[in-house]
>>> print(open('my_file_10.cif').read())   # mmCIF, C-alpha atoms and all ligand atoms
data_final
#
loop_
_atom_site.group_PDB
_atom_site.id
_atom_site.type_symbol
_atom_site.label_atom_id
_atom_site.label_comp_id
_atom_site.auth_asym_id
_atom_site.auth_seq_id
_atom_site.Cartn_x
_atom_site.Cartn_y
_atom_site.Cartn_z
ATOM 1 C CA MET W 1 -0.605 29.803 9.587
ATOM 2 C CA SER W 2 1.881 27.989 11.808
ATOM 3 C CA PRO W 3 1.830 24.179 11.930
ATOM 4 C CA CYS W 4 0.407 24.316 15.437
ATOM 5 C CA GLU W 5 -2.384 26.584 14.363
ATOM 6 C CA ALA W 6 -3.058 24.388 11.373
ATOM 7 C CA LEU W 7 -3.237 21.304 13.532
ATOM 8 C CA ASN W 8 -5.528 22.945 16.070
ATOM 9 C CA HIS W 9 -7.614 24.061 13.166
ATOM 10 C CA CYS W 10 -7.848 20.576 11.817
ATOM 11 C CA PRO W 11 -7.727 17.961 14.568
ATOM 12 C CA THR W 12 -8.057 15.202 11.982
ATOM 13 C CA LEU W 13 -4.452 15.827 10.930
ATOM 14 C CA LYS W 14 -3.225 15.164 14.424
ATOM 15 C CA ARG W 15 -5.401 12.130 14.626
ATOM 16 C CA GLN W 16 -4.071 10.823 11.325
ATOM 17 C CA ALA W 17 -0.498 11.250 12.459
ATOM 18 C CA PHE W 18 -1.226 9.451 15.709
ATOM 19 C CA VAL W 19 -3.269 6.699 14.096
ATOM 20 C CA ARG W 20 -0.399 6.001 11.737
ATOM 21 C CA TRP W 21 2.058 6.218 14.566
ATOM 22 C CA ASP W 22 -0.021 3.796 16.540
ATOM 23 C CA LEU W 23 0.526 1.251 13.788
ATOM 24 C CA GLU W 24 4.175 1.169 14.559
ATOM 25 C CA ALA W 25 3.730 1.790 18.241
ATOM 26 C CA LYS W 26 5.774 -1.235 19.142
ATOM 27 C CA ARG W 27 8.809 0.664 17.978
ATOM 28 C CA PRO W 28 10.225 3.130 20.493
ATOM 29 C CA LEU W 29 10.950 6.687 19.362
ATOM 30 C CA TRP W 30 14.733 6.276 19.583
ATOM 31 C CA GLU W 31 14.683 3.545 16.954
ATOM 32 C CA TYR W 32 13.140 5.815 14.345
ATOM 33 C CA LYS W 33 15.244 6.548 11.303
ATOM 34 C CA THR W 34 14.475 9.090 8.600
ATOM 35 C CA ARG W 35 13.310 6.263 6.337
ATOM 36 C CA ASP W 36 10.710 5.226 8.939
ATOM 37 C CA VAL W 37 9.350 8.738 9.098
ATOM 38 C CA GLN W 38 9.220 8.750 5.299
ATOM 39 C CA TYR W 39 7.117 5.539 5.392
ATOM 40 C CA LEU W 40 4.892 7.067 8.016
ATOM 41 C CA LEU W 41 4.237 10.120 5.867
ATOM 42 C CA GLN W 42 3.731 7.987 2.778
ATOM 43 C CA GLY W 43 1.141 5.942 4.623
ATOM 44 C CA ILE W 44 -0.786 8.999 5.718
ATOM 45 C CA ALA W 45 -0.604 10.365 2.170
ATOM 46 C CA ASP W 46 -1.766 7.081 0.603
ATOM 47 C CA ASP W 47 -4.721 6.687 2.911
ATOM 48 C CA ASN W 48 -5.994 10.207 2.788
ATOM 49 C CA ASN W 49 -5.027 11.709 -0.528
ATOM 50 C CA LEU W 50 -3.712 14.828 1.195
ATOM 51 C CA SER W 51 -2.109 17.836 -0.418
ATOM 52 C CA SER W 52 1.616 18.293 0.049
ATOM 53 C CA GLU W 53 0.789 21.418 2.068
ATOM 54 C CA THR W 54 -1.146 19.344 4.596
ATOM 55 C CA LEU W 55 1.618 16.746 4.663
ATOM 56 C CA LYS W 56 4.099 19.516 5.452
ATOM 57 C CA HIS W 57 1.975 20.437 8.464
ATOM 58 C CA ILE W 58 1.936 16.828 9.613
ATOM 59 C CA LYS W 59 5.698 16.592 9.165
ATOM 60 C CA ALA W 60 6.169 19.753 11.219
ATOM 61 C CA PHE W 61 3.971 18.278 13.916
ATOM 62 C CA LEU W 62 5.990 15.049 13.973
ATOM 63 C CA SER W 63 9.218 17.013 14.030
ATOM 64 C CA GLY W 64 7.952 18.865 17.078
ATOM 65 C CA VAL W 65 7.287 15.589 18.847
ATOM 66 C CA PHE W 66 10.869 14.401 18.240
ATOM 67 C CA THR W 67 12.307 17.761 19.267
ATOM 68 C CA TYR W 68 10.394 17.502 22.498
ATOM 69 C CA ALA W 69 11.614 13.924 23.000
ATOM 70 C CA LYS W 70 15.195 15.083 22.406
ATOM 71 C CA ASN W 71 14.844 17.809 24.985
ATOM 72 C CA GLN W 72 13.462 15.276 27.430
ATOM 73 C CA GLY W 73 16.502 13.060 26.865
ATOM 74 C CA VAL W 74 14.480 10.290 25.207
ATOM 75 C CA ILE W 75 16.400 10.509 21.943
ATOM 76 C CA ASP W 76 19.827 11.718 20.946
ATOM 77 C CA GLY W 77 21.366 12.830 17.696
ATOM 78 C CA LEU W 78 19.544 14.128 14.667
ATOM 79 C CA ASN W 79 15.808 14.600 14.567
ATOM 80 C CA PRO W 80 14.794 11.803 12.114
ATOM 81 C CA VAL W 81 11.928 13.891 10.762
ATOM 82 C CA ARG W 82 14.178 16.673 9.544
ATOM 83 C CA ASP W 83 15.365 15.058 6.316
ATOM 84 C CA ALA W 84 12.231 13.026 5.597
ATOM 85 C CA MET W 85 10.865 14.021 2.236
ATOM 86 C CA ILE W 86 7.253 14.960 1.639
ATOM 87 C CA PRO W 87 5.818 12.113 -0.480
ATOM 88 C CA LYS W 88 5.413 12.907 -4.140
ATOM 89 C CA LYS W 89 1.838 13.226 -5.152
ATOM 90 C CA ALA W 90 0.082 10.956 -7.599
ATOM 91 C CA ALA W 91 -0.451 11.919 -11.219
ATOM 92 C CA THR W 92 -2.683 14.935 -11.725
ATOM 93 C CA SER W 93 -5.624 13.118 -13.228
ATOM 94 C CA GLU W 94 -5.569 10.657 -10.348
ATOM 95 C CA GLU W 95 -5.826 13.519 -7.906
ATOM 96 C CA THR W 96 -8.877 15.168 -9.301
ATOM 97 C CA TYR W 97 -10.709 12.783 -11.579
ATOM 98 C CA ALA W 98 -14.135 11.690 -10.429
ATOM 99 C CA ALA W 99 -15.346 8.574 -12.221
ATOM 100 C CA SER W 100 -18.942 8.714 -13.403
ATOM 101 C CA LEU W 101 -21.524 6.073 -12.584
ATOM 102 C CA GLU W 102 -21.549 4.975 -16.237
ATOM 103 C CA GLU W 103 -17.777 4.573 -16.277
ATOM 104 C CA VAL W 104 -17.784 2.557 -13.091
ATOM 105 C CA LEU W 105 -20.540 0.270 -14.360
ATOM 106 C CA ALA W 106 -18.625 -0.202 -17.615
ATOM 107 C CA ILE W 107 -15.418 -1.076 -15.719
ATOM 108 C CA MET W 108 -17.337 -3.543 -13.566
ATOM 109 C CA ASP W 109 -18.906 -5.052 -16.657
ATOM 110 C CA VAL W 110 -15.506 -5.618 -18.317
ATOM 111 C CA LEU W 111 -14.103 -7.171 -15.148
ATOM 112 C CA GLY W 112 -17.180 -9.334 -14.669
ATOM 113 C CA LYS W 113 -16.971 -10.671 -18.205
ATOM 114 C CA ALA W 114 -13.275 -11.362 -17.757
ATOM 115 C CA GLY W 115 -14.115 -13.469 -14.701
ATOM 116 C CA GLU W 116 -12.249 -11.065 -12.425
ATOM 117 C CA LYS W 117 -14.731 -11.219 -9.585
ATOM 118 C CA LYS W 118 -12.434 -9.919 -6.883
ATOM 119 C CA ALA W 119 -11.352 -6.938 -8.937
ATOM 120 C CA ARG W 120 -14.986 -6.191 -9.782
ATOM 121 C CA ALA W 121 -15.918 -6.429 -6.096
ATOM 122 C CA ALA W 122 -13.042 -4.100 -5.198
ATOM 123 C CA VAL W 123 -14.256 -1.490 -7.691
ATOM 124 C CA ALA W 124 -17.828 -1.869 -6.420
ATOM 125 C CA LEU W 125 -16.742 -1.572 -2.776
ATOM 126 C CA VAL W 126 -14.696 1.553 -3.287
ATOM 127 C CA PHE W 127 -17.369 3.194 -5.438
ATOM 128 C CA PHE W 128 -20.718 2.122 -3.983
ATOM 129 C CA ALA W 129 -19.570 2.178 -0.370
ATOM 130 C CA GLY W 130 -17.317 5.209 -0.862
ATOM 131 C CA LEU W 131 -14.377 3.516 0.857
ATOM 132 C CA ARG W 132 -10.788 4.569 0.881
ATOM 133 C CA PRO W 133 -8.600 1.890 -0.742
ATOM 134 C CA GLY W 134 -7.131 0.988 2.659
ATOM 135 C CA GLU W 135 -10.620 0.616 4.099
ATOM 136 C CA ALA W 136 -11.708 -1.650 1.248
ATOM 137 C CA ARG W 137 -8.689 -3.826 2.017
ATOM 138 C CA GLY W 138 -9.625 -3.804 5.679
ATOM 139 C CA ALA W 139 -13.314 -4.640 5.148
ATOM 140 C CA HIS W 140 -14.220 -7.954 6.753
ATOM 141 C CA TRP W 141 -17.257 -10.154 6.305
ATOM 142 C CA GLU W 142 -18.121 -9.725 9.970
ATOM 143 C CA ASP W 143 -18.434 -5.962 9.335
ATOM 144 C CA TYR W 144 -21.256 -6.534 6.863
ATOM 145 C CA ASP W 145 -24.797 -7.287 7.997
ATOM 146 C CA GLY W 146 -26.405 -7.587 4.566
ATOM 147 C CA LYS W 147 -27.486 -3.941 4.539
ATOM 148 C CA ARG W 148 -24.662 -1.961 6.044
ATOM 149 C CA LEU W 149 -20.909 -2.175 6.096
ATOM 150 C CA PHE W 150 -19.147 -0.951 9.227
ATOM 151 C CA VAL W 151 -15.822 0.615 8.404
ATOM 152 C CA ARG W 152 -13.712 -0.602 11.282
ATOM 153 C CA ARG W 153 -10.155 -0.751 10.022
ATOM 154 C CA SER W 154 -7.817 0.383 7.339
ATOM 155 C CA ILE W 155 -4.827 -1.507 6.047
ATOM 156 C CA TRP W 156 -1.739 0.071 4.667
ATOM 157 C CA ARG W 157 1.028 -2.273 3.563
ATOM 158 C CA VAL W 158 1.165 -4.772 6.421
ATOM 159 C CA TRP W 159 -0.213 -2.485 9.095
ATOM 160 C CA THR W 160 -3.804 -2.343 10.257
ATOM 161 C CA THR W 161 -5.143 0.690 12.088
ATOM 162 C CA SER W 162 -6.740 -0.190 15.390
ATOM 163 C CA PRO W 163 -10.531 0.246 15.267
ATOM 164 C CA LYS W 164 -10.504 2.184 18.535
ATOM 165 C CA THR W 165 -8.441 5.000 17.131
ATOM 166 C CA GLU W 166 -10.533 5.431 13.993
ATOM 167 C CA SER W 167 -13.242 7.988 14.637
ATOM 168 C CA SER W 168 -14.774 7.104 11.309
ATOM 169 C CA VAL W 169 -16.301 3.840 12.512
ATOM 170 C CA LYS W 170 -19.654 4.462 10.918
ATOM 171 C CA PRO W 171 -21.723 2.236 8.706
ATOM 172 C CA VAL W 172 -22.209 2.886 5.019
ATOM 173 C CA PRO W 173 -25.339 1.644 3.272
ATOM 174 C CA VAL W 174 -24.752 -1.251 0.893
ATOM 175 C CA ILE W 175 -26.887 -0.818 -2.199
ATOM 176 C CA GLU W 176 -27.307 -2.720 -5.428
ATOM 177 C CA PRO W 177 -25.345 -3.718 -7.427
ATOM 178 C CA LEU W 178 -22.762 -3.975 -4.606
ATOM 179 C CA ARG W 179 -25.068 -6.201 -2.557
ATOM 180 C CA SER W 180 -25.403 -8.840 -5.313
ATOM 181 C CA ILE W 181 -21.684 -8.691 -6.046
ATOM 182 C CA LEU W 182 -20.902 -9.388 -2.389
ATOM 183 C CA VAL W 183 -23.350 -12.295 -2.343
ATOM 184 C CA GLU W 184 -21.636 -13.794 -5.377
ATOM 185 C CA LEU W 185 -18.154 -13.202 -3.984
ATOM 186 C CA ARG W 186 -19.100 -14.783 -0.669
ATOM 187 C CA GLU W 187 -20.525 -17.861 -2.350
ATOM 188 C CA GLY W 188 -17.328 -18.228 -4.365
ATOM 189 C CA ASP W 189 -15.353 -17.951 -1.142
ATOM 190 C CA ARG W 190 -16.982 -20.975 0.540
ATOM 191 C CA ASN W 191 -19.581 -18.763 2.242
ATOM 192 C CA ALA W 192 -16.951 -17.043 4.350
ATOM 193 C CA SER W 193 -18.313 -15.354 7.445
ATOM 194 C CA THR W 194 -15.111 -13.818 8.750
ATOM 195 C CA GLY W 195 -11.894 -12.369 7.419
ATOM 196 C CA PRO W 196 -11.121 -9.952 4.598
ATOM 197 C CA ILE W 197 -13.804 -9.537 1.928
ATOM 198 C CA LEU W 198 -11.086 -8.869 -0.635
ATOM 199 C CA ARG W 199 -8.564 -11.615 -0.054
ATOM 200 C CA GLY W 200 -5.989 -13.472 -2.052
ATOM 201 C CA PRO W 201 -5.554 -17.251 -2.216
ATOM 202 C CA SER W 202 -3.519 -17.177 1.009
ATOM 203 C CA GLY W 203 -6.368 -15.454 2.841
ATOM 204 C CA SER W 204 -4.531 -12.176 3.330
ATOM 205 C CA PRO W 205 -6.086 -8.914 2.081
ATOM 206 C CA LEU W 206 -5.485 -8.072 -1.574
ATOM 207 C CA ASP W 207 -3.097 -5.276 -2.439
ATOM 208 C CA LEU W 208 -5.297 -2.869 -4.402
ATOM 209 C CA VAL W 209 -2.430 -1.011 -6.059
ATOM 210 C CA ASN W 210 -1.156 -4.310 -7.341
ATOM 211 C CA LEU W 211 -4.680 -5.414 -8.323
ATOM 212 C CA ALA W 212 -5.156 -2.292 -10.433
ATOM 213 C CA GLU W 213 -1.845 -2.815 -12.237
ATOM 214 C CA ARG W 214 -2.225 -6.534 -12.712
ATOM 215 C CA VAL W 215 -5.961 -6.851 -13.458
ATOM 216 C CA VAL W 216 -7.970 -3.645 -13.830
ATOM 217 C CA LYS W 217 -5.710 -1.627 -16.129
ATOM 218 C CA PRO W 218 -4.925 -4.491 -18.562
ATOM 219 C CA ALA W 219 -8.639 -5.369 -18.787
ATOM 220 C CA LEU W 220 -9.387 -1.861 -20.037
ATOM 221 C CA LEU W 221 -6.671 -1.937 -22.700
ATOM 222 C CA ARG W 222 -8.552 -3.704 -25.461
ATOM 223 C CA CYS W 223 -8.214 -3.638 -29.235
ATOM 224 C CA ALA W 224 -11.086 -1.912 -31.007
ATOM 225 C CA VAL W 225 -10.770 -4.250 -34.004
ATOM 226 C CA CYS W 226 -10.536 -7.734 -32.495
ATOM 227 C CA LYS W 227 -11.496 -6.987 -28.841
ATOM 228 C CA GLN W 228 -8.334 -8.795 -27.754
ATOM 229 C CA ARG W 229 -6.359 -7.441 -24.804
ATOM 230 C CA GLU W 230 -3.178 -5.532 -25.566
ATOM 231 C CA ALA W 231 -1.107 -8.069 -23.626
ATOM 232 C CA LYS W 232 -2.317 -10.881 -25.881
ATOM 233 C CA HIS W 233 -2.268 -8.953 -29.116
ATOM 234 C CA ALA W 234 1.259 -9.747 -30.311
ATOM 235 C CA GLY W 235 0.156 -12.489 -32.722
ATOM 236 C CA ALA W 236 -2.592 -10.508 -34.470
ATOM 237 C CA CYS W 237 -2.296 -9.676 -38.178
ATOM 238 C CA HIS W 238 -3.199 -6.026 -37.557
ATOM 239 C CA ASP W 239 -1.884 -3.229 -35.365
ATOM 240 C CA PHE W 240 -3.343 -2.771 -31.904
ATOM 241 C CA GLN W 241 -5.949 -0.041 -31.872
ATOM 242 C CA LEU W 242 -7.089 1.069 -28.419
ATOM 243 C CA ASP W 243 -10.815 0.685 -27.882
ATOM 244 C CA GLU W 244 -11.736 4.213 -26.823
ATOM 245 C CA THR W 245 -15.245 3.212 -25.814
ATOM 246 C CA LEU W 246 -13.873 1.682 -22.631
ATOM 247 C CA PRO W 247 -13.268 4.063 -19.735
ATOM 248 C CA LYS W 248 -9.730 4.857 -18.613
ATOM 249 C CA TRP W 249 -8.491 3.929 -15.164
ATOM 250 C CA HIS W 250 -7.852 6.964 -12.967
ATOM 251 C CA GLY W 251 -6.989 5.254 -9.705
ATOM 252 C CA TRP W 252 -9.009 4.053 -6.711
ATOM 253 C CA TYR W 253 -9.643 7.517 -5.365
ATOM 254 C CA SER W 254 -11.387 8.495 -8.594
ATOM 255 C CA LEU W 255 -14.097 6.025 -7.563
ATOM 256 C CA ARG W 256 -14.511 7.502 -4.100
ATOM 257 C CA ARG W 257 -14.624 10.986 -5.591
ATOM 258 C CA GLY W 258 -17.018 9.734 -8.229
ATOM 259 C CA VAL W 259 -19.593 8.419 -5.793
ATOM 260 C CA ALA W 260 -19.336 11.598 -3.730
ATOM 261 C CA THR W 261 -20.074 13.601 -6.852
ATOM 262 C CA ALA W 262 -22.945 11.330 -7.845
ATOM 263 C CA VAL W 263 -24.514 11.442 -4.391
ATOM 264 C CA ALA W 264 -24.036 15.194 -4.080
ATOM 265 C CA ASP W 265 -25.681 15.643 -7.480
ATOM 266 C CA LEU W 266 -28.620 13.529 -6.379
ATOM 267 C CA SER W 267 -29.152 15.280 -3.070
ATOM 268 C CA ASN W 268 -26.745 17.516 -1.189
ATOM 269 C CA SER W 269 -23.209 17.736 0.059
ATOM 270 C CA LEU W 270 -24.245 16.625 3.535
ATOM 271 C CA ALA W 271 -25.394 13.306 2.133
ATOM 272 C CA ALA W 272 -22.037 12.889 0.409
ATOM 273 C CA LYS W 273 -20.271 13.730 3.648
ATOM 274 C CA GLY W 274 -22.315 11.066 5.365
ATOM 275 C CA LEU W 275 -21.215 8.487 2.872
ATOM 276 C CA LEU W 276 -17.553 9.412 2.987
ATOM 277 C CA ARG W 277 -17.559 9.650 6.789
ATOM 278 C CA HIS W 278 -15.612 12.888 6.786
ATOM 279 C CA SER W 279 -15.134 14.219 10.255
ATOM 280 C CA SER W 280 -15.456 17.820 9.100
ATOM 281 C CA VAL W 281 -19.002 17.908 10.453
ATOM 282 C CA SER W 282 -19.449 19.485 13.879
ATOM 283 C CA THR W 283 -18.401 17.694 17.051
ATOM 284 C CA THR W 284 -22.019 17.292 18.028
ATOM 285 C CA GLU W 285 -22.738 15.423 14.839
ATOM 286 C CA ARG W 286 -19.572 13.370 15.233
ATOM 287 C CA HIS W 287 -20.732 12.192 18.610
ATOM 288 C CA TYR W 288 -24.370 11.689 17.905
ATOM 289 C CA ILE W 289 -24.621 10.389 14.395
ATOM 290 C CA LYS W 290 -24.263 6.732 15.160
ATOM 291 C CA ASP W 291 -25.895 5.350 12.109
ATOM 292 C CA VAL W 292 -26.201 6.227 8.454
ATOM 293 C CA PRO W 293 -27.545 9.777 8.119
ATOM 294 C CA GLU W 294 -31.002 9.854 6.564
ATOM 295 C CA SER W 295 -29.903 12.159 3.732
ATOM 296 C CA THR W 296 -27.131 9.717 2.800
ATOM 297 C CA LEU W 297 -29.543 6.813 2.812
ATOM 298 C CA GLN W 298 -31.988 8.661 0.555
ATOM 299 C CA ALA W 299 -29.279 9.653 -1.904
ATOM 300 C CA MET W 300 -27.900 6.108 -1.980
ATOM 301 C CA LYS W 301 -31.359 4.746 -2.715
ATOM 302 C CA GLN W 302 -31.612 7.167 -5.613
ATOM 303 C CA LEU W 303 -28.203 6.036 -6.829
ATOM 304 C CA GLU W 304 -29.400 2.446 -6.645
ATOM 305 C CA THR W 305 -32.447 3.304 -8.749
ATOM 306 C CA LEU W 306 -30.208 5.042 -11.240
ATOM 307 C CA CYS W 307 -28.042 1.920 -11.512
ATOM 308 C CA ASN W 308 -31.082 -0.204 -12.186
ATOM 309 C CA GLU W 309 -32.194 2.209 -14.881
ATOM 310 C CA CYS W 310 -28.753 2.096 -16.488
ATOM 311 C CA ALA W 311 -28.862 -1.683 -16.478
ATOM 312 C CA ASN W 312 -32.429 -1.902 -17.791
ATOM 313 C CA HIS W 313 -32.063 0.641 -20.555
ATOM 314 C CA GLY W 314 -28.719 -0.647 -21.695
ATOM 315 C CA GLN W 315 -27.024 2.689 -21.133
ATOM 316 C CA VAL W 316 -23.886 0.812 -20.340
ATOM 317 C CA LYS W 317 -22.204 -0.180 -23.541
ATOM 318 C CA PRO W 318 -22.101 -3.924 -23.945
ATOM 319 C CA ASN W 319 -18.596 -5.340 -24.118
HETATM 320 ZN ZN ZN Z 401 -6.809 -6.247 -32.636
#
>>> encode(input="my_file_10.cif", output="structure tokens")
Amino acid sequence: MSPCEALNHCPTLKRQAFVRWDLEAKRPLWEYKTRDVQYLLQGIADDNNLSSETLKHIKAFLSGVFTYAKNQGVIDGLNPVRDAMIPKKAATSEETYAASLEEVLAIMDVLGKAGEKKARAAVALVFFAGLRPGEARGAHWEDYDGKRLFVRRSIWRVWTTSPKTESSVKPVPVIEPLRSILVELREGDRNASTGPILRGPSGSPLDLVNLAERVVKPALLRCAVCKQREAKHAGACHDFQLDETLPKWHGWYSLRRGVATAVADLSNSLAAKGLLRHSSVSTTERHYIKDVPESTLQAMKQLETLCNECANHGQVKPN
């Protein structure tokens, strides 16, 4: 399949490339260097968890754009796309691992007990709302009406995608325990009504990669003997022994995959698609499904019930 065929086959790829491009639209084509194209590709890869094969297609598409521009006399010299490298993919387990509901609840429990409310809310947002990490960063209080969260923007590094260009502006149902967590977070944030839900002290959106490294991962590295964190274990009179009862961290996408798996198990793949807002449904559906699909809503309600059962029956190991 040629890149053109691939792109016609999958219009979302073209859209992704253009959405990302739009972020840097203030920069004219002739100012692009290979490094900029590399950033562009990295951004698309980070936001969408694409295979390197798909990224190659996107690169070929971008290259075509610059070739055209060169022929039109807009740019001169080398095509900056030519030497841009395809971003290296994440570790294998991070690509495929789907976190289970029990694991996610256990991670949230550890973070809650450690007083890491923002990190817990981030985990809950990505899992229970099925958001991409960039979308969780871009979620604002004004997008949330108490029942639904409208996914209007995505943030990658310092760039925000414009809501108009995102065809995935669809609401996701907000179920328990996410609802309660958001209530608590909002109260702790002086009842904020606007701005990023996940924000740092300066008010700017939290960097989730950084949050995972700084807060989530260390919280899960606990000693089985004394329950002390690895980072604070140096003074103990015994060797650190990793507490294997705590789940391992497999990256933000493992949460999104996890909820898709859970919802698909509870109902059907269409419900999962509804939650993840994939545009691989037919054009008709893309245009006419304005709200949360009924099947998604039903499956999410079941997931909510399951969470309550887990909590009530103590299926989640106490930490
Ligand atoms: Zn210990």
>>> resolve_selection(input="my_file_10.cif", expression="the PyMOL selection byres (((chain W and resi 204-214) around 8) and not hetatm)", output="list in words")
Ala119, Ala122, Pro133, Arg137, Gly138, Arg157, Pro196, Ile197, Leu198, Arg199, Gly200, Pro201, Ser202, Gly203, Val215, Val216, Lys217, Pro218 and Gly251 of chain W
>>> resolve_selection(input="my_file_10.cif", expression="the PyMOL selection byres (((chain W and resi 103-113) around 8) and not hetatm)", output="JSON, numbers by chain")
{"W": [99, 100, 101, 102, 114, 115, 116, 117, 119, 120, 123, 124, 127, 216, 219, 220, 246, 247, 255, 316, 317, 319]}
>>> resolve_selection(input="my_file_10.cif", expression="the PyMOL selection byres (((not hetatm)) within 7 of (chain Z and resi 401))", output="PyMOL selection string")
chain W and resi 223-228+233+236+238-241
>>> residues_around(input="my_file_10.cif", residues="W:Tyr39", least_positions_apart="5", cutoff="9 Å", atoms="all atoms listed in the file", output="ChimeraX atom specification")
/W:34,44,87
>>> write_last_selection(input="my_file_10.cif", atoms="C-alpha atoms", output="PDB file, keeping the file's coordinate frame")
ATOM      1  CA  THR W  34      14.475   9.090   8.600  1.00  0.00           C
ATOM      2  CA  ILE W  44      -0.786   8.999   5.718  1.00  0.00           C
ATOM      3  CA  PRO W  87       5.818  12.113  -0.480  1.00  0.00           C
TER       4      PRO W  87
END
>>> closest_residue(input="my_file_10.cif", among="W:Arg179, W:Lys232, W:Lys273, W:His140", to="W:Ser295", atoms="all atoms listed in the file")
W:Lys273
>>> atom_distance(input="my_file_10.cif", atom1="atom CA of W:Thr305", atom2="atom CA of W:Lys147")
15.9 Å
>>> residues_around(input="my_file_10.cif", residues="W:Ser52", least_positions_apart="2", cutoff="9 Å", atoms="all atoms listed in the file", output="ChimeraX atom specification")
/W:45,50,54-57,86-89
>>> closest_residue(input="my_file_10.cif", among="W:Val65, W:Val74, W:Val126, W:Ala136", to="W:Arg152", atoms="all atoms listed in the file")
W:Ala136
>>> atom_distance(input="my_file_10.cif", atom1="atom CA of W:Arg153", atom2="atom CA of W:Ala139")
7.0 Å
>>> atom_distance(input="my_file_10.cif", atom1="atom CA of W:Met300", atom2="atom CA of W:Ile155")
25.6 Å
>>> closest_residue(input="my_file_10.cif", among="W:Arg132, W:Leu41, W:Leu303, W:Glu142", to="W:Ser267", atoms="all atoms listed in the file")
W:Leu303
>>> residues_around(input="my_file_10.cif", residues="W:Tyr32", least_positions_apart="4", cutoff="9 Å", atoms="only C-alpha atoms", output="list in words")
Arg27, Pro28, Asp36, Val37, Pro80 and Val81 of chain W
>>> write_last_selection(input="my_file_10.cif", atoms="C-alpha atoms", output="mmCIF file, in the coordinates of the input")
data_model
loop_
_atom_site.group_PDB
_atom_site.id
_atom_site.type_symbol
_atom_site.label_atom_id
_atom_site.label_comp_id
_atom_site.auth_asym_id
_atom_site.auth_seq_id
_atom_site.Cartn_x
_atom_site.Cartn_y
_atom_site.Cartn_z
ATOM 1 C CA ARG W 27 8.809 0.664 17.978
ATOM 2 C CA PRO W 28 10.225 3.130 20.493
ATOM 3 C CA ASP W 36 10.710 5.226 8.939
ATOM 4 C CA VAL W 37 9.350 8.738 9.098
ATOM 5 C CA PRO W 80 14.794 11.803 12.114
ATOM 6 C CA VAL W 81 11.928 13.891 10.762
#
>>> closest_residue(input="my_file_10.cif", among="W:Gly43, W:Ser180, W:Arg82, W:Ile75", to="W:Lys59", atoms="only C-alpha atoms")
W:Arg82
